[in-house]
Amino acid sequence: MSKILKILNLIFCIVIRTAHLSQMAGTMRAVQFQTGGLEKMKIGEVPIPVLRKKEILIKVYASAINRADTLQRKGAYPPPAGESDILGLEAVGTVDKLGPDCSQKWNIGDRVMALLAGGGNAEFVACREECLMPIPKKMSFTIAAAIPEVWLTAYQLLHTVGGVKAGDTVLIHAGGSGVGTAATQLSVLAKAKPLVTAGSIEKIDMAKSLGAVAGFNYKEGDFSLGVKQYTKDVGVNLILDCIGESFYNQNIESIANDGTWVVYGLLGGGKINADLLSKLLRKRITITGTTLRVRPIEYKESLVQNFTQNALPYFESGRLKPIIDKIFPLEQIGNAHQLMEENKNTGKIVLKIREEDGRDEL
Ligand SMILES: NC(=O)c1ccc[n+]([C@@H]2O[C@H](COP(=O)([O-])OP(=O)(O)OC[C@H]3O[C@@H](n4cnc5c(N)ncnc54)[C@H](OP(=O)(O)O)[C@@H]3O)[C@@H](O)[C@H]2O)c1
Ligand SMILES: *[C@@H]1O[C@H](CO)[C@@H](O)[C@H](O)[C@H]1NC(C)=O
């Protein structure tokens with residue numbers, strides 16, 4: 001008799017415990033995909049992430065799209081080892097839970113922006129506490145979602161890698177892109193002079209409204225002629241290049257002696273069949289490549305801290321502003337990817353993940 005009771009008790013305990021565990025772990029809506037076209041993406045139910053050391057769980061209100069997501073969807077850009085395979089390099093929301101070994105830096109309910117290696121297109125995401133930034137005062141979640149990835153990238157290109165100085169001329173390609181609209185404003189903040197290239201007059205006008213001193217439509221001719229004219233044949237001190245191959249000749253013509261050329265994307269291809277080294281030698285050019293997602297966590301934390309200190313305050317004063325092209329609900333992620341792949345956006349494409357419920361609002 002007592003044996004039967006013991007067994008019943010054991011079964012009861014297991015049932016209760018499993019129910020409790022599944023409630024604790026819980027599930028969330030997230031973008032899932034199989035390698036391929038837009039139709040391969042769908043919204044599914046997946047487990048809420050389990051927090052590792054120094055990680056914080058964010059209740060996500062908004063996220064955004066990056067070129068890396070469209071590449072990842074096509075199978076050309078897998079997530080770094082050990083990171084979430086859910087799409088999304090950034091998210092904003094509120095602090096929901098602190099993981100093991102977290103400091104006192106963040107409190108439950110704080111409104112934060114997160115730089116991620118993946119996982120942002122979901123209702124919850126885990127982020128290292130040092131890769132979080134406070135959302136500028138009075139800024140909504142959907143606007144703040146346009147900040148982390150492209151602004152940190154632009155800051156890195158100009159300051160950490162490009163070593164921009166006051167008075168420098170900076171040639172920024174894809175001037176209407178998420179990164180380009182941020183880099184233009186950060187150049188002005190650094191007292192440098194941004195020149196941009198873009199494929200439409202609308203994108204060039206936007207860049208000029210953000211402080212670009214000149215803009216060239218690369219579809220209408222050789223931009224290096226315009227660059228030479230503006231710089232009185234000196235050339236630009238710094239090039240932020242996400243195009244590569246198709247702009248190579250014009251970049252070589254556009255860069256000044258002792259100039260720095262930062263390659264951070266290859267939208268126009270990666271192969272060059274040209275006399276690169278002799279040009280590099282004669283003009284004393286520094287060419288350098290950079291990435292962000294796969295960098296060590298300590299580097300990203302340092303970048304986030306520097307940006308928080310040196311750039312973030314200017315969003316509150318209005319000197320810097322995130323540029324947003326369109327906001328889609330999470331369910332329309334396919335349309336969001338398509339818009340980006342058609343090169344139609346000026347600035348960021350944002351995803352709204354959940355309704356603001358009043359409590360977490362501004
Ligand atoms: N290395 C890093 O750390 C890092 C980090 C973030 C992003 N990125 C890279 O930065 C770039 C911009 O990202 P984003 O998310 O800001 O992009 P985005 O908003 O999607 O804008 C990209 C724009 O580039 C232009 N473009 C596309 N193909 C082109 C070509 N073949 N020649 C000339 N222009 C072309 C298009 O505008 P037009 O109308 O002007 O043609 C397009 O709208 C991407 O290459 C991305 O992979 C690199
Ligand atoms: C952050 O700033 C410090 C101090 O200027 C610098 O040493 C460090 O390299 C910067 N880190 C990044 C990633 O820019």
# chains A, B, ... in the order shown; residues from 1 in each chain; ligands from 1
call {"tool": "residues_near_ligand", "arguments": {"ligand": "ligand 1", "cutoff": "7 Å", "atoms": "only C-alpha atoms and all ligand atoms", "output": "PyMOL selection string"}}
result
chain A and resi 66-68+149-150+153+174-180+197-200+203+242-243+246+264-268+290-293+340-341+343-348
call {"tool": "select_by_dssp", "arguments": {"residues": "range 94-315 of chain A", "states": "strand (DSSP E or B)", "output": "PyMOL selection string"}}
result
chain A and resi 94-98+111-115+122+124-128+132-134+169-172+193-198+214-217+236-241+255-263+286-289
call {"tool": "select_by_dssp", "arguments": {"residues": "range 89-164 of chain A", "states": "helix (DSSP H, G or I)", "output": "ChimeraX atom specification"}}
result
/A:129-131,141-144,148-161
call {"tool": "atom_distance", "arguments": {"atom1": "CA of Asn121 in chain A", "atom2": "CA of Glu316 in chain A"}}
result
26.1 Å
call {"tool": "closest_residue", "arguments": {"among": "A:Leu152, A:Leu51, A:Asp325, A:Ala146", "to": "Glu301 in chain A", "atoms": "only C-alpha atoms"}}
result
A:Leu152
call {"tool": "residues_near_ligand", "arguments": {"ligand": "ligand 2", "cutoff": "12 Å", "atoms": "only C-alpha atoms and all ligand atoms", "output": "ChimeraX atom specification"}}
result
/A:131,152-163,290-292,295-310
call {"tool": "atom_distance", "arguments": {"atom1": "CA of Leu320 in chain A", "atom2": "CA of Gly93 in chain A"}}
result
20.7 Å
call {"tool": "residues_around", "arguments": {"residues": "Glu331 in chain A", "least_positions_apart": "5", "cutoff": "12 Å", "atoms": "only C-alpha atoms", "output": "list in words"}}
result
Arg29, Ala30, Val31, Gln32, Met41, Lys42, Ile43, Gly44, Asn121, Ala122, Ala336, His337, Leu351, Lys352, Ile353 and Arg354 of chain A
call {"tool": "write_last_selection", "arguments": {"atoms": "all heavy atoms", "output": "short mmCIF file (atom, residue, chain, number, x, y, z; two decimals), in the first residue's frame"}}
result
data_model
loop_
_atom_site.label_atom_id
_atom_site.label_comp_id
_atom_site.auth_asym_id
_atom_site.auth_seq_id
_atom_site.Cartn_x
_atom_site.Cartn_y
_atom_site.Cartn_z
N ARG A 29 6.89 33.89 -30.01
CA ARG A 29 6.83 33.95 -31.47
C ARG A 29 8.16 34.47 -32.00
O ARG A 29 8.74 35.39 -31.44
CB ARG A 29 5.70 34.88 -31.93
CG ARG A 29 4.30 34.33 -31.63
CD ARG A 29 3.21 35.24 -32.16
NE ARG A 29 3.53 36.63 -31.88
CZ ARG A 29 3.42 37.61 -32.78
NH1 ARG A 29 2.98 37.36 -34.00
NH2 ARG A 29 3.72 38.86 -32.46
N ALA A 30 8.64 33.86 -33.07
CA ALA A 30 9.93 34.29 -33.64
C ALA A 30 9.93 33.96 -35.13
O ALA A 30 9.17 33.10 -35.58
CB ALA A 30 11.09 33.56 -32.97
N VAL A 31 10.79 34.68 -35.87
CA VAL A 31 10.92 34.41 -37.31
C VAL A 31 11.77 33.17 -37.51
O VAL A 31 12.90 33.11 -37.06
CB VAL A 31 11.58 35.59 -38.04
CG1 VAL A 31 11.85 35.22 -39.49
CG2 VAL A 31 10.70 36.81 -37.96
N GLN A 32 11.21 32.17 -38.15
CA GLN A 32 11.97 30.97 -38.49
C GLN A 32 12.11 30.92 -40.01
O GLN A 32 11.26 31.45 -40.72
CB GLN A 32 11.24 29.73 -38.01
CG GLN A 32 11.12 29.69 -36.50
CD GLN A 32 10.43 28.41 -36.07
OE1 GLN A 32 9.26 28.22 -36.31
NE2 GLN A 32 11.18 27.53 -35.45
N MET A 41 10.34 32.14 -45.05
CA MET A 41 10.26 32.66 -43.69
C MET A 41 8.85 32.50 -43.15
O MET A 41 7.87 32.70 -43.86
CB MET A 41 10.63 34.16 -43.67
CG MET A 41 12.10 34.40 -43.79
SD MET A 41 12.50 36.13 -43.58
CE MET A 41 11.75 36.81 -45.05
N LYS A 42 8.76 32.14 -41.85
CA LYS A 42 7.43 32.10 -41.23
C LYS A 42 7.58 32.42 -39.74
O LYS A 42 8.68 32.36 -39.20
CB LYS A 42 6.77 30.74 -41.44
CG LYS A 42 7.49 29.58 -40.81
CD LYS A 42 6.70 28.30 -41.05
CE LYS A 42 7.42 27.05 -40.57
NZ LYS A 42 7.64 26.91 -39.15
N ILE A 43 6.45 32.76 -39.13
CA ILE A 43 6.48 33.04 -37.70
C ILE A 43 6.12 31.74 -36.98
O ILE A 43 5.07 31.15 -37.25
CB ILE A 43 5.45 34.13 -37.31
CG1 ILE A 43 5.56 35.33 -38.25
CG2 ILE A 43 5.61 34.51 -35.85
CD1 ILE A 43 6.86 36.06 -38.20
N GLY A 44 7.00 31.28 -36.09
CA GLY A 44 6.75 30.04 -35.37
C GLY A 44 6.84 30.25 -33.87
O GLY A 44 7.21 31.33 -33.41
N ASN A 121 14.60 39.12 -34.10
CA ASN A 121 13.24 39.12 -34.69
C ASN A 121 12.35 38.14 -33.92
O ASN A 121 11.80 37.18 -34.47
CB ASN A 121 13.29 38.71 -36.16
CG ASN A 121 14.08 39.68 -37.05
OD1 ASN A 121 14.33 39.40 -38.21
ND2 ASN A 121 14.48 40.81 -36.50
N ALA A 122 12.18 38.41 -32.63
CA ALA A 122 11.44 37.50 -31.75
C ALA A 122 10.87 38.28 -30.57
O ALA A 122 11.27 39.41 -30.33
CB ALA A 122 12.38 36.41 -31.24
N ALA A 336 9.28 43.14 -45.74
CA ALA A 336 10.39 43.97 -45.25
C ALA A 336 11.70 43.57 -45.94
O ALA A 336 12.46 44.42 -46.42
CB ALA A 336 10.52 43.82 -43.74
N HIS A 337 11.96 42.26 -46.03
CA HIS A 337 13.17 41.79 -46.72
C HIS A 337 13.14 42.20 -48.20
O HIS A 337 14.13 42.59 -48.78
CB HIS A 337 13.27 40.26 -46.61
CG HIS A 337 13.96 39.80 -45.36
ND1 HIS A 337 14.90 38.80 -45.36
CD2 HIS A 337 13.85 40.20 -44.09
CE1 HIS A 337 15.33 38.60 -44.12
NE2 HIS A 337 14.70 39.44 -43.33
N LEU A 351 10.82 46.52 -37.67
CA LEU A 351 9.79 45.51 -37.41
C LEU A 351 9.13 45.80 -36.07
O LEU A 351 9.83 45.95 -35.05
CB LEU A 351 10.41 44.11 -37.33
CG LEU A 351 10.96 43.48 -38.58
CD1 LEU A 351 11.62 42.15 -38.22
CD2 LEU A 351 9.85 43.27 -39.61
N LYS A 352 7.82 45.89 -36.07
CA LYS A 352 7.11 46.04 -34.80
C LYS A 352 6.78 44.65 -34.29
O LYS A 352 6.14 43.87 -34.99
CB LYS A 352 5.84 46.86 -35.02
CG LYS A 352 5.19 47.26 -33.74
CD LYS A 352 4.16 48.33 -33.97
CE LYS A 352 3.57 48.69 -32.62
NZ LYS A 352 2.80 49.90 -32.63
N ILE A 353 7.23 44.32 -33.09
CA ILE A 353 7.09 42.94 -32.61
C ILE A 353 5.87 42.76 -31.71
O ILE A 353 5.18 41.76 -31.77
CB ILE A 353 8.36 42.51 -31.83
CG1 ILE A 353 9.61 42.76 -32.68
CG2 ILE A 353 8.25 41.08 -31.34
CD1 ILE A 353 10.02 41.67 -33.61
N ARG A 354 5.61 43.74 -30.85
CA ARG A 354 4.41 43.65 -30.00
C ARG A 354 3.89 45.06 -29.71
O ARG A 354 4.64 46.03 -29.78
CB ARG A 354 4.67 42.87 -28.72
CG ARG A 354 5.59 43.59 -27.74
CD ARG A 354 5.62 42.90 -26.39
NE ARG A 354 6.67 41.90 -26.28
CZ ARG A 354 6.52 40.72 -25.70
NH1 ARG A 354 5.36 40.38 -25.19
NH2 ARG A 354 7.53 39.89 -25.61
#
call {"tool": "atom_distance", "arguments": {"atom1": "CA of Ile324 in chain A", "atom2": "CA of Gly211 in chain A"}}
result
16.9 Å
